[in-house]
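Asker: Starting off with a structure, shown below.
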Amino acid sequence: VHNGSALVAQLAANGRNGDVAALRRDAHMLKSNAASFGATELAELCAALEARTRSGDLADLANLANLADTVDRIALAFDGVRDALVPRG
């Protein structure tokens, strides 16, 4: 959870830069971590992104706006998980 914010930012940067292999790796790592915490929505979003990057071509993601929307949804889901697991104060 503590490194998750950096990983989400890295995922977004890799998407903007078109680094499909790194995007897939980041999505896989977030998916695995989310699943281990029982954060099913986050895990499902990451699994979907990971699956869509398997071809190694961003054209399979339909368009960059769609990719940005997916990354935004992952970031929001992560924020919810972090807020639920990390005490404030």
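If you're wondering about the labels, chains in the structure tokens are A, B, ... by order shown, residues count from 1 in each chain, ligands from 1 in order shown.
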Set the distance at 9 Å and use only C-alpha atoms: which residues neighbour Glu44 of chain A once local chain neighbours fewer than 6 positions away are removed? I'd like the list as an mmCIF file with all heavy atoms, in the first residue's frame.
Answerer:
```cif
data_model
loop_
_atom_site.group_PDB
_atom_site.id
_atom_site.type_symbol
_atom_site.label_atom_id
_atom_site.label_comp_id
_atom_site.auth_asym_id
_atom_site.auth_seq_id
_atom_site.Cartn_x
_atom_site.Cartn_y
_atom_site.Cartn_z
ATOM 1 N N LYS A 31 -2.219 -5.544 -9.705
ATOM 2 C CA LYS A 31 -3.263 -6.571 -9.635
ATOM 3 C C LYS A 31 -2.955 -7.573 -8.537
ATOM 4 O O LYS A 31 -3.823 -7.898 -7.712
ATOM 5 C CB LYS A 31 -3.381 -7.286 -10.990
ATOM 6 C CG LYS A 31 -4.356 -8.458 -10.982
ATOM 7 C CD LYS A 31 -4.207 -9.301 -12.218
ATOM 8 C CE LYS A 31 -2.920 -10.102 -12.125
ATOM 9 N NZ LYS A 31 -2.720 -11.033 -13.219
ATOM 10 N N ALA A 34 -3.250 -5.921 -5.087
ATOM 11 C CA ALA A 34 -4.654 -5.651 -4.763
ATOM 12 C C ALA A 34 -5.378 -6.941 -4.385
ATOM 13 O O ALA A 34 -6.138 -6.966 -3.414
ATOM 14 C CB ALA A 34 -5.344 -4.976 -5.947
ATOM 15 N N ALA A 35 -5.118 -7.993 -5.122
ATOM 16 C CA ALA A 35 -5.772 -9.270 -4.832
ATOM 17 C C ALA A 35 -5.379 -9.787 -3.449
ATOM 18 O O ALA A 35 -6.208 -10.340 -2.725
ATOM 19 C CB ALA A 35 -5.429 -10.290 -5.908
#
```
Asker: Find the residues around Phe78 of chain A up to 10 Å (only C-alpha atoms counted), leave out those fewer than 5 positions away in its own chain, and share them as a list in words.
Answerer: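 Within the cut-off, the hits are Val1, Gly4, Ser5, Val8, Leu30, Ala34, Ala39, Glu41, Leu42, Ala43, Asp72, Arg73, Asp83 and Ala84 of chain A.
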Asker: Output the selection as a tab-separated table (two decimals), in the first residue's frame - N, CA, C and O atoms for each residue.
Answerer:
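Written file, result.tsv:
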```
chain	number	residue	atom	x	y	z
A	1	VAL	N	0.83	-1.18	0.00
A	1	VAL	CA	0.00	0.00	0.00
A	1	VAL	C	0.88	1.25	0.00
A	1	VAL	O	0.60	2.21	-0.69
A	4	GLY	N	2.25	1.90	-3.37
A	4	GLY	CA	1.22	1.88	-4.40
A	4	GLY	C	1.05	3.18	-5.13
A	4	GLY	O	0.86	3.19	-6.35
A	5	SER	N	1.13	4.30	-4.43
A	5	SER	CA	0.98	5.60	-5.08
A	5	SER	C	2.06	5.80	-6.14
A	5	SER	O	1.77	6.27	-7.25
A	8	VAL	N	1.22	3.53	-9.11
A	8	VAL	CA	0.13	4.08	-9.93
A	8	VAL	C	0.67	5.22	-10.80
A	8	VAL	O	0.35	5.31	-11.99
A	30	LEU	N	0.30	-4.33	-9.58
A	30	LEU	CA	-0.83	-3.75	-8.83
A	30	LEU	C	-1.95	-4.76	-8.66
A	30	LEU	O	-2.56	-4.85	-7.59
A	34	ALA	N	-3.25	-5.92	-5.09
A	34	ALA	CA	-4.65	-5.65	-4.76
A	34	ALA	C	-5.38	-6.94	-4.39
A	34	ALA	O	-6.14	-6.97	-3.41
A	39	ALA	N	-8.78	-6.34	-2.50
A	39	ALA	CA	-9.30	-5.17	-3.21
A	39	ALA	C	-9.70	-5.59	-4.62
A	39	ALA	O	-8.97	-5.37	-5.60
A	41	GLU	N	-12.07	-4.72	-6.85
A	41	GLU	CA	-12.29	-3.76	-7.94
A	41	GLU	C	-10.96	-3.33	-8.55
A	41	GLU	O	-10.79	-3.31	-9.77
A	42	LEU	N	-10.00	-2.99	-7.70
A	42	LEU	CA	-8.68	-2.58	-8.18
A	42	LEU	C	-8.01	-3.74	-8.93
A	42	LEU	O	-7.45	-3.54	-10.01
A	43	ALA	N	-8.08	-4.93	-8.39
A	43	ALA	CA	-7.48	-6.09	-9.04
A	43	ALA	C	-8.11	-6.34	-10.41
A	43	ALA	O	-7.40	-6.63	-11.38
A	72	ASP	N	-6.96	6.42	-14.75
A	72	ASP	CA	-7.65	7.24	-13.76
A	72	ASP	C	-8.52	6.39	-12.85
A	72	ASP	O	-8.57	6.60	-11.63
A	73	ARG	N	-9.23	5.42	-13.41
A	73	ARG	CA	-10.08	4.53	-12.61
A	73	ARG	C	-9.23	3.68	-11.67
A	73	ARG	O	-9.62	3.43	-10.52
A	83	ASP	N	-6.98	4.44	1.53
A	83	ASP	CA	-7.72	5.12	2.59
A	83	ASP	C	-8.35	4.14	3.57
A	83	ASP	O	-8.45	4.41	4.76
A	84	ALA	N	-8.75	2.98	3.07
A	84	ALA	CA	-9.37	1.97	3.93
A	84	ALA	C	-8.33	1.23	4.78
A	84	ALA	O	-8.63	0.81	5.90
```
Asker: A:Glu50, A:Asp69, A:Asp19, A:Asp79: which is nearest Ala6 of chain A, counting only C-alpha atoms?
Answerer: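 Looking only at the distances to Ala6 of chain A, the closest residue turns out to be A:Asp79.
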Asker: Which one of A:Thr40, A:Asn33, A:Cys46, A:Ala68 sits closest to Gly18 of chain A if you count only C-alpha atoms?
Answerer: A:Ala68
Asker: What does the distance between atom CA of Ala47 of chain A and atom CA of His28 of chain A come to in Å, to one decimal place?
Answerer: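 Here the two named atoms are 6.8 Å from each other.
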Asker: Under the rule that only C-alpha atoms are counted, which of A:Asn3, A:Arg54, A:Gly38, A:Asn66 is the nearest residue to Ala21 of chain A?
Answerer: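 That would be A:Arg54, the residue with the smallest distance to Ala21 of chain A.
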